[in-house]
$ cat coords.cif   # mmCIF, C-alpha atoms
data_final
#
loop_
_atom_site.label_atom_id
_atom_site.label_comp_id
_atom_site.auth_asym_id
_atom_site.auth_seq_id
_atom_site.Cartn_x
_atom_site.Cartn_y
_atom_site.Cartn_z
CA MET A 224 21.38 -102.85 33.91
CA SER A 225 21.50 -101.89 30.26
CA LYS A 226 20.25 -103.49 27.06
CA LYS A 227 22.42 -101.17 24.99
CA HIS A 228 25.62 -101.54 27.08
CA PRO A 229 25.40 -104.85 28.98
CA ILE A 230 27.82 -105.87 31.73
CA ILE A 231 28.95 -109.40 32.58
CA SER A 232 30.53 -109.76 36.00
CA VAL A 233 32.51 -112.89 36.90
CA THR A 234 33.47 -112.94 40.56
CA GLY A 235 35.57 -115.29 42.63
CA SER A 236 38.74 -115.45 44.65
CA SER A 237 42.22 -116.25 43.34
CA GLY A 238 42.40 -119.83 42.14
CA ALA A 239 38.63 -120.26 41.88
CA GLY A 240 38.63 -120.39 38.08
CA THR A 241 37.55 -116.90 37.03
CA THR A 242 40.34 -116.73 34.45
CA THR A 243 39.17 -120.03 32.95
CA VAL A 244 35.64 -118.61 32.72
CA LYS A 245 37.04 -115.43 31.11
CA THR A 246 38.96 -117.50 28.56
CA THR A 247 35.77 -119.37 27.69
CA PHE A 248 33.89 -116.10 27.22
CA ASP A 249 36.77 -114.68 25.13
CA ASN A 250 36.41 -117.67 22.79
CA ILE A 251 32.63 -117.18 22.57
CA PHE A 252 33.10 -113.45 21.90
CA ARG A 253 35.66 -114.17 19.16
CA ARG A 254 33.43 -116.79 17.54
CA GLU A 255 30.36 -114.51 17.64
CA GLY A 256 32.20 -111.33 16.58
CA ILE A 257 31.50 -109.57 19.89
CA THR A 258 33.86 -106.81 21.04
CA ALA A 259 34.19 -106.85 24.82
CA ALA A 260 35.83 -104.16 26.92
CA ALA A 261 37.48 -105.97 29.84
CA ILE A 262 38.32 -104.79 33.33
CA GLU A 263 40.07 -106.65 36.13
CA GLY A 264 39.18 -106.44 39.78
CA ASP A 265 42.86 -105.96 40.69
CA ALA A 266 42.71 -102.58 38.92
CA PHE A 267 40.43 -101.36 41.69
CA HIS A 268 42.63 -102.25 44.65
CA ARG A 269 43.21 -99.15 46.77
CA TYR A 270 46.90 -99.93 47.45
CA ASP A 271 49.88 -100.97 45.36
CA ARG A 272 51.95 -103.90 46.66
CA ALA A 273 54.20 -101.91 49.01
CA ALA A 274 51.34 -99.84 50.42
CA MET A 275 49.21 -102.96 50.92
CA LYS A 276 52.04 -104.63 52.84
CA ALA A 277 52.26 -101.57 55.09
CA GLU A 278 48.47 -101.52 55.58
CA LEU A 279 48.47 -105.22 56.47
CA GLU A 280 51.24 -104.70 59.02
CA ALA A 281 49.42 -101.71 60.55
CA HIS A 282 46.16 -103.64 60.83
CA VAL A 283 47.89 -106.64 62.43
CA ALA A 284 49.72 -104.36 64.87
CA ALA A 285 46.32 -102.90 65.81
CA GLY A 286 44.94 -106.40 66.38
CA GLU A 287 42.87 -106.39 63.19
CA VAL A 288 43.77 -109.70 61.57
CA THR A 289 40.94 -109.89 59.03
CA PHE A 290 42.15 -107.10 56.71
CA SER A 291 43.06 -108.39 53.23
CA HIS A 292 42.57 -107.76 49.50
CA PHE A 293 39.00 -108.97 50.07
CA SER A 294 38.28 -106.14 52.52
CA TYR A 295 36.00 -103.43 51.20
CA GLU A 296 38.31 -100.74 52.59
CA ALA A 297 41.23 -102.22 50.62
CA ASN A 298 39.41 -101.56 47.35
CA GLU A 299 38.04 -98.63 45.37
CA LEU A 300 34.49 -99.99 45.29
CA GLU A 301 32.94 -96.58 44.62
CA LEU A 302 35.15 -96.22 41.53
CA LEU A 303 34.22 -99.71 40.35
CA GLU A 304 30.53 -98.98 40.79
CA GLY A 305 31.09 -95.73 38.89
CA VAL A 306 32.62 -97.58 35.95
CA PHE A 307 29.74 -100.07 35.90
CA ARG A 308 27.22 -97.20 36.03
CA SER A 309 29.02 -95.18 33.36
CA TYR A 310 29.39 -98.14 31.04
CA GLY A 311 25.76 -99.16 31.43
CA GLU A 312 24.58 -95.63 30.65
CA THR A 313 27.04 -94.54 27.95
CA GLY A 314 29.32 -97.44 26.97
CA THR A 315 32.31 -95.58 28.43
CA GLY A 316 34.49 -95.76 31.50
CA LYS A 317 38.07 -95.94 32.73
CA THR A 318 40.30 -98.71 34.02
CA ARG A 319 43.92 -99.41 34.78
CA HIS A 320 46.04 -102.53 35.19
CA TYR A 321 47.75 -103.91 38.28
CA VAL A 322 51.16 -105.23 37.22
CA HIS A 323 51.75 -108.59 38.89
CA ASP A 324 55.20 -109.68 37.69
CA ASP A 325 58.25 -108.95 35.53
CA LYS A 326 56.58 -110.23 32.36
CA GLU A 327 53.69 -107.80 32.79
CA ALA A 328 56.17 -105.05 33.76
CA GLU A 329 57.81 -105.44 30.34
CA ARG A 330 54.44 -105.28 28.62
CA TYR A 331 53.07 -102.27 30.54
CA GLY A 332 56.27 -100.37 31.35
CA VAL A 333 55.44 -100.24 35.06
CA ALA A 334 57.24 -102.00 37.92
CA PRO A 335 55.68 -105.14 39.42
CA GLY A 336 53.31 -104.32 42.25
CA LYS A 337 52.32 -100.96 40.75
CA PHE A 338 49.37 -99.73 38.70
CA THR A 339 49.33 -98.33 35.18
CA GLU A 340 47.68 -94.96 34.64
CA TRP A 341 43.89 -94.84 34.29
CA LYS A 342 42.77 -94.99 30.66
CA ASP A 343 39.52 -94.99 28.72
CA LEU A 344 37.96 -98.33 27.91
CA PRO A 345 38.35 -99.26 24.25
CA ARG A 346 35.56 -98.02 22.01
CA PRO A 347 33.38 -99.11 20.48
CA SER A 348 32.52 -102.23 22.45
CA ASP A 349 29.47 -104.46 22.62
CA LEU A 350 29.69 -105.20 26.34
CA LEU A 351 31.80 -104.84 29.48
CA PHE A 352 33.37 -107.96 30.98
CA TYR A 353 34.56 -107.81 34.60
CA GLU A 354 36.68 -110.47 36.31
CA GLY A 355 37.62 -110.13 39.97
CA LEU A 356 36.64 -110.21 43.62
CA HIS A 357 33.99 -107.53 43.94
CA GLY A 358 31.84 -107.51 40.81
CA ALA A 359 28.58 -108.15 42.66
CA VAL A 360 29.13 -106.36 45.99
CA VAL A 361 26.18 -104.83 47.77
CA SER A 362 27.02 -102.85 50.90
CA ASP A 363 25.79 -99.79 52.78
CA SER A 364 27.73 -97.56 50.38
CA VAL A 365 27.69 -99.34 46.99
CA ASN A 366 25.47 -101.60 44.93
CA ILE A 367 27.70 -102.88 42.17
CA ALA A 368 25.42 -105.86 41.55
CA ALA A 369 22.58 -103.56 40.44
CA HIS A 370 24.60 -102.51 37.38
CA ALA A 371 25.60 -105.98 36.13
CA ASP A 372 23.30 -107.76 33.69
CA LEU A 373 24.84 -111.19 34.22
CA LYS A 374 26.59 -112.12 37.46
CA ILE A 375 28.57 -115.36 37.67
CA GLY A 376 30.10 -116.49 40.94
CA VAL A 377 32.97 -118.98 40.70
CA VAL A 378 34.09 -121.13 43.62
CA PRO A 379 37.07 -123.49 43.74
CA VAL A 380 36.52 -127.21 43.46
CA ILE A 381 37.68 -128.95 46.61
#
$ encode --input "coords.cif" --output "structure tokens"
Amino acid sequence: MSKKHPIISVTGSSGAGTTTVKTTFDNIFRREGITAAAIEGDAFHRYDRAAMKAELEAHVAAGEVTFSHFSYEANELELLEGVFRSYGETGTGKTRHYVHDDKEAERYGVAPGKFTEWKDLPRPSDLLFYEGLHGAVVSDSVNIAAHADLKIGVVPVI
């Protein structure tokens, strides 16, 4: 946790409303003149779309039916924790973007289902804003939650 380089982590699954929460924060940041560096949880998936499909098929063939994008082993959690740590200590870090569709492919110049190259977070920034699945994970190998100053969990309304 860092007073100088705070981190806000909004976590939740697809469809839960994390993007709505991010939009609300973006409006607050704009109104208050706060510059936020943003990272997306999808950037820290271990596999691109084709590789993930192959991993899913291999796990199912082995009788492991619980493997998904939620699985720790399907994500680069050590890298995510490293970005949180680095940002909290120095206000720096790296991220990339997972390209979901043709519209994003035009914008980023990368085919859908692929990642952009890693790049430095924009500087200077007042805080780091994370939106994704794993922004508060605590496991035997990582403690991402320890680095976030504000953790917000979003669940879908049923």
$ resolve_selection --input "coords.cif" --expression "the PyMOL selection byres ((chain A and resi 235-247) around 7)" --output "list in words"
Val233, Thr234, Phe248, Asp249, Asn250, Ile251, Glu354, Gly355, Leu356, Gly376, Val377, Val378 and Pro379 of chain A
$ write_last_selection --input "coords.cif" --atoms "C-alpha atoms" --output "mmCIF file, keeping the file's coordinate frame"
data_model
loop_
_atom_site.group_PDB
_atom_site.id
_atom_site.type_symbol
_atom_site.label_atom_id
_atom_site.label_comp_id
_atom_site.auth_asym_id
_atom_site.auth_seq_id
_atom_site.Cartn_x
_atom_site.Cartn_y
_atom_site.Cartn_z
ATOM 1 C CA VAL A 233 32.510 -112.890 36.900
ATOM 2 C CA THR A 234 33.470 -112.940 40.560
ATOM 3 C CA PHE A 248 33.890 -116.100 27.220
ATOM 4 C CA ASP A 249 36.770 -114.680 25.130
ATOM 5 C CA ASN A 250 36.410 -117.670 22.790
ATOM 6 C CA ILE A 251 32.630 -117.180 22.570
ATOM 7 C CA GLU A 354 36.680 -110.470 36.310
ATOM 8 C CA GLY A 355 37.620 -110.130 39.970
ATOM 9 C CA LEU A 356 36.640 -110.210 43.620
ATOM 10 C CA GLY A 376 30.100 -116.490 40.940
ATOM 11 C CA VAL A 377 32.970 -118.980 40.700
ATOM 12 C CA VAL A 378 34.090 -121.130 43.620
ATOM 13 C CA PRO A 379 37.070 -123.490 43.740
#
$ atom_distance --input "coords.cif" --atom1 "atom CA of A:Ile367" --atom2 "atom CA of A:Leu344"
18.1 Å
$ residues_around --input "coords.cif" --residues "A:Phe352" --least-positions-apart "6" --cutoff "6 Å" --atoms "only C-alpha atoms" --output "list in words"
Ile230, Ile231 and Ala261 of chain A
$ residues_near_point --input "coords.cif" --point "(30.2, -98.0, 42.8)" --cutoff "12 Å" --atoms "all atoms listed in the file" --output "PyMOL selection string"
chain A and resi 267+295+298-310+357-371
$ resolve_selection --input "coords.cif" --expression "the PyMOL selection byres ((chain A and resi 336) around 12)" --output "PyMOL selection string"
chain A and resi 265-266+268+270-276+320-328+331-335+337-339
$ atom_distance --input "coords.cif" --atom1 "atom CA of A:Leu279" --atom2 "atom CA of A:Ser232"
27.6 Å
$ residues_around --input "coords.cif" --residues "A:Asp372" --least-positions-apart "5" --cutoff "10 Å" --atoms "only C-alpha atoms" --output "ChimeraX atom specification"
/A:224-226,228-232,311,351
$ atom_distance --input "coords.cif" --atom1 "atom CA of A:Glu296" --atom2 "atom CA of A:Ala260"
26.0 Å
$ closest_residue --input "coords.cif" --among "A:Val283, A:Lys374, A:Ile262, A:Gly256" --to "A:Pro345" --atoms "all atoms listed in the file"
A:Ile262
$ closest_residue --input "coords.cif" --among "A:Pro347, A:Thr313, A:Ser294, A:Trp341" --to "A:His282" --atoms "only C-alpha atoms"
A:Ser294
$ closest_residue --input "coords.cif" --among "A:Glu329, A:Glu340, A:Arg346, A:Arg319" --to "A:Glu263" --atoms "all atoms listed in the file"
A:Arg319
